[in-house]
Amino acid sequence: MISDLAGDLARADRAEAVRNAARGWRGARVIDEAELTAIRARYPDDRSRMGPVFRVLLFLFTLVAGNSLFGFIGVLSGIGGRERGDVLAVLALLAGLALAFVTDVQIGSLRRRQGGIEAATSLMAIGYVLGAVGWWIFDHNHSSTAAVPILCLLGALLCAAAAWRWGYPLYAGAAAAALLVVLAHLPLGRLWWIVLPLAAAPLLLRLSVSPRLPPAHRASCTVILAVALAGLYAAVHLGSWEAQAIEDLGQRHQPSPPGGDLLWWLALVATALLPVILLALGLRGRRYPLLLLGAGTAVASLVTLRWYVHLAPLWVVLVASGAVLMAVVFALRRYLESGPDEERHGFTAAPLFQDPARLRLLEAGAAVLTLGPEARTIHEEPKFEGGGGQFGGGGASGQF
Amino acid sequence: MNPDVAQAVPELAESGVVPREIAPLLLRVARGELLSVHAELRFLLYLGVLLITGGVGVLVRQNLDRIGPVVIAVALGLAALAALAWVVRVAPPFSWHAVPSPNLAFDYVLLLGVLLAAADLAYIEVKLTPLGSEWPWHLLLVALLTGLAAFRFDSRVVFSLALSTFAAWRGVSAGRLGSTLWAEPEAVRWNAIVCGALFAVLGIVLLSTRRKAHFETLAVHLGWLLILGGLGSGLTESGGTGLAWSALLLVVGAALAAGAYRFRRFPLFAFGVLAAYVALSRLVIEAIAETAAAALGCFWFSITSILVIIGLVVAQRRLKEPL
């Protein structure tokens, strides 16, 4: 049954990947409706799927239903005192196992995918099992030094199993993050954070595009790679080294190391170089995750630079970096568009098969949240003070 | 890079399902030999605008005394003018329909110009007080000017800014929806509801007159969020007032869900279902609070959630929301 489910799911996901690409081609009007229908017929969908809005609603209501049902049973059990916790932990464990079974049935024989309900039951399954084990560990006077890594290890195993069996890349990322927490508790935790991602990255990079793996497992490898490299950056980051952040996470508190020694300089160099290396690898191989990670860590390193070196007042840094960013984008766009077929080195500024209308709607939503002005206070309307007060307009809010 | 699509494209081209002339392009994209950075460049431009306007805010706050109000006002005005002049120069002719941007930077330079101009107006109002005690009207002025710019240059981002500035004039903002709206006086609540109704009506008018009909989604969604947020804030009231607001939210949410179901407006359907469910639950929990609250509460949420799930599955089968 195990291989049947994995094989069925892989076939369904591969066909969905083609249909999904075809939807993008149709959105970009490179194929017409008849051709899209023909592709759908050639790669039929044998799963029961929901649209994004229904998926979110079903996910939310399943979480409410499952948790309140558990609460109802818990209240009805009517046991008080210390025993109550133990009974609830047993109930949680049973509920977790039952929910895992329900998830398996939905994804397996009921052929549900992207339906919201099975995602919610899978999340609750992991949560309840972890909750039950967590209760036993903490209730039986285990020190948190031992309890946290045990729980994280169990969480990593459960999430990894869920990612592999049910094809949820998010769980793969959670498993990788939990594993990093476990590693932080080991002696030389920081070294593990550096060595393991470096060792695993080449393999994960290959697996993330391997045709042998189904789409969900490829995506899982990509997410694990992203978490591992983020962990690597955190381990070599100058600020994390000075604050002994990894050691603190692993509850192995150390005094702050002296600044200016060899390790400090190594951390400084690594903080500067890692984003450059990630960006270079991403550009060379046109690997999107590496480009994103490279850009993200570059921003983090620039903020770190500003933290240590006050090159100029904050407003100069903000305006200059904004202006430079826009200038770089203009130059990049012009460079890409002036190439043959509007592309250079395998990169293009053209949208290709992205949906521009959806992008613009997202931008407009973001503008309401990030650029909207501070609302005036209605009941203070008559109180005008020329010298100050909350003010804003068209996003330019703040106190002048 | 997508190996499954890379494997499918030659087969599709061979069988004539996909035109042979576009197959090489599709294949290159699927193999990762061609990567679009269009969305990333747009995001970086947006980030650039955010950084510049943030920097201008800090400049004005920190250097007011040193630089002087006139210099700051003139500098902001000139910067805004420069950005808007470029926009006017390259803008395509006006049309009531959607107009493609002449280039990638157009929307963001327009946004930057509008934000700088708005900052300048706000600054002049604070320092030079031309409107005196009528200063809140400057937000309305900014909202109207921003709205005009949005229509003229066909920018959804600037249109959303116009709507949020109008709402700010009436004391409502995204930040307040999450915090102080719930503790604000009745006036803010009603302002949110009336603003939301205005936005929703504006959206309907735009759609029915086919004038900038593509702005309708934004206006209607923001409008309904404000209406439901305003009504929902009444749920925190105690006693009969809270019950009345709950009943009103239940009716409005259910009506929205029904209307959205009829017209296949999926996000609005979700807003309506969630609002109606929260309102109904508030009414029921109020009624059972005096009795065995915990058990009955859990029972209510488990049973009703299952019923909603069944209803949603049935509704999806009829509506068939696109994936």
# chains A, B, ... in the order shown; residues from 1 in each chain; ligands from 1
call {"tool": "residues_around", "arguments": {"residues": "stretch 297-314 of chain B", "least_positions_apart": "3", "cutoff": "9 Å", "atoms": "only C-alpha atoms", "output": "number ranges by chain"}}
result
A: 50, 54, 57-58, 61-73, 75, 117; B: 273, 277, 281, 284-285, 288-289, 292-294, 317-319
call {"tool": "residues_around", "arguments": {"residues": "stretch 106-114 of chain B", "least_positions_apart": "2", "cutoff": "6 Å", "atoms": "only C-alpha atoms", "output": "PyMOL selection string"}}
result
chain B and resi 49+80+83-84+103-104+116-117
call {"tool": "closest_residue", "arguments": {"among": "B:Gly57, B:Pro130, B:Gly234, B:Pro93", "to": "chain A", "atoms": "only C-alpha atoms"}}
result
B:Gly57
call {"tool": "residues_around", "arguments": {"residues": "stretch 247-260 of chain A", "least_positions_apart": "4", "cutoff": "10 Å", "atoms": "only C-alpha atoms", "output": "ChimeraX atom specification"}}
result
/A:144-146,148-149,180-190,235,240-243,264-266,268
call {"tool": "select_by_dssp", "arguments": {"residues": "stretch 75-210 of chain B", "states": "alpha helix (DSSP H)", "output": "PyMOL selection string"}}
result
chain B and resi 75-90+106-128+137-153+156-169+174-177+186-209
call {"tool": "residues_around", "arguments": {"residues": "B:Leu35", "least_positions_apart": "4", "cutoff": "7 Å", "atoms": "only C-alpha atoms", "output": "number ranges by chain"}}
result
A: 286, 346-348; B: 29
call {"tool": "closest_residue", "arguments": {"among": "A:Leu232, A:Val309, A:Pro215, A:Gly85", "to": "A:His140", "atoms": "only C-alpha atoms"}}
result
A:Gly85
call {"tool": "closest_residue", "arguments": {"among": "B:Arg156, B:Arg66, B:Arg211, B:Arg282", "to": "chain A", "atoms": "only C-alpha atoms"}}
result
B:Arg156
call {"tool": "residues_around", "arguments": {"residues": "stretch 147-154 of chain B", "least_positions_apart": "3", "cutoff": "8 Å", "atoms": "only C-alpha atoms", "output": "ChimeraX atom specification"}}
result
/B:91-92,94-95,98-99,143-144,157-159,162-163,212
call {"tool": "closest_residue", "arguments": {"among": "A:Cys159, A:Ala245, A:Leu293, A:Val368", "to": "chain B", "atoms": "only C-alpha atoms"}}
result
A:Val368
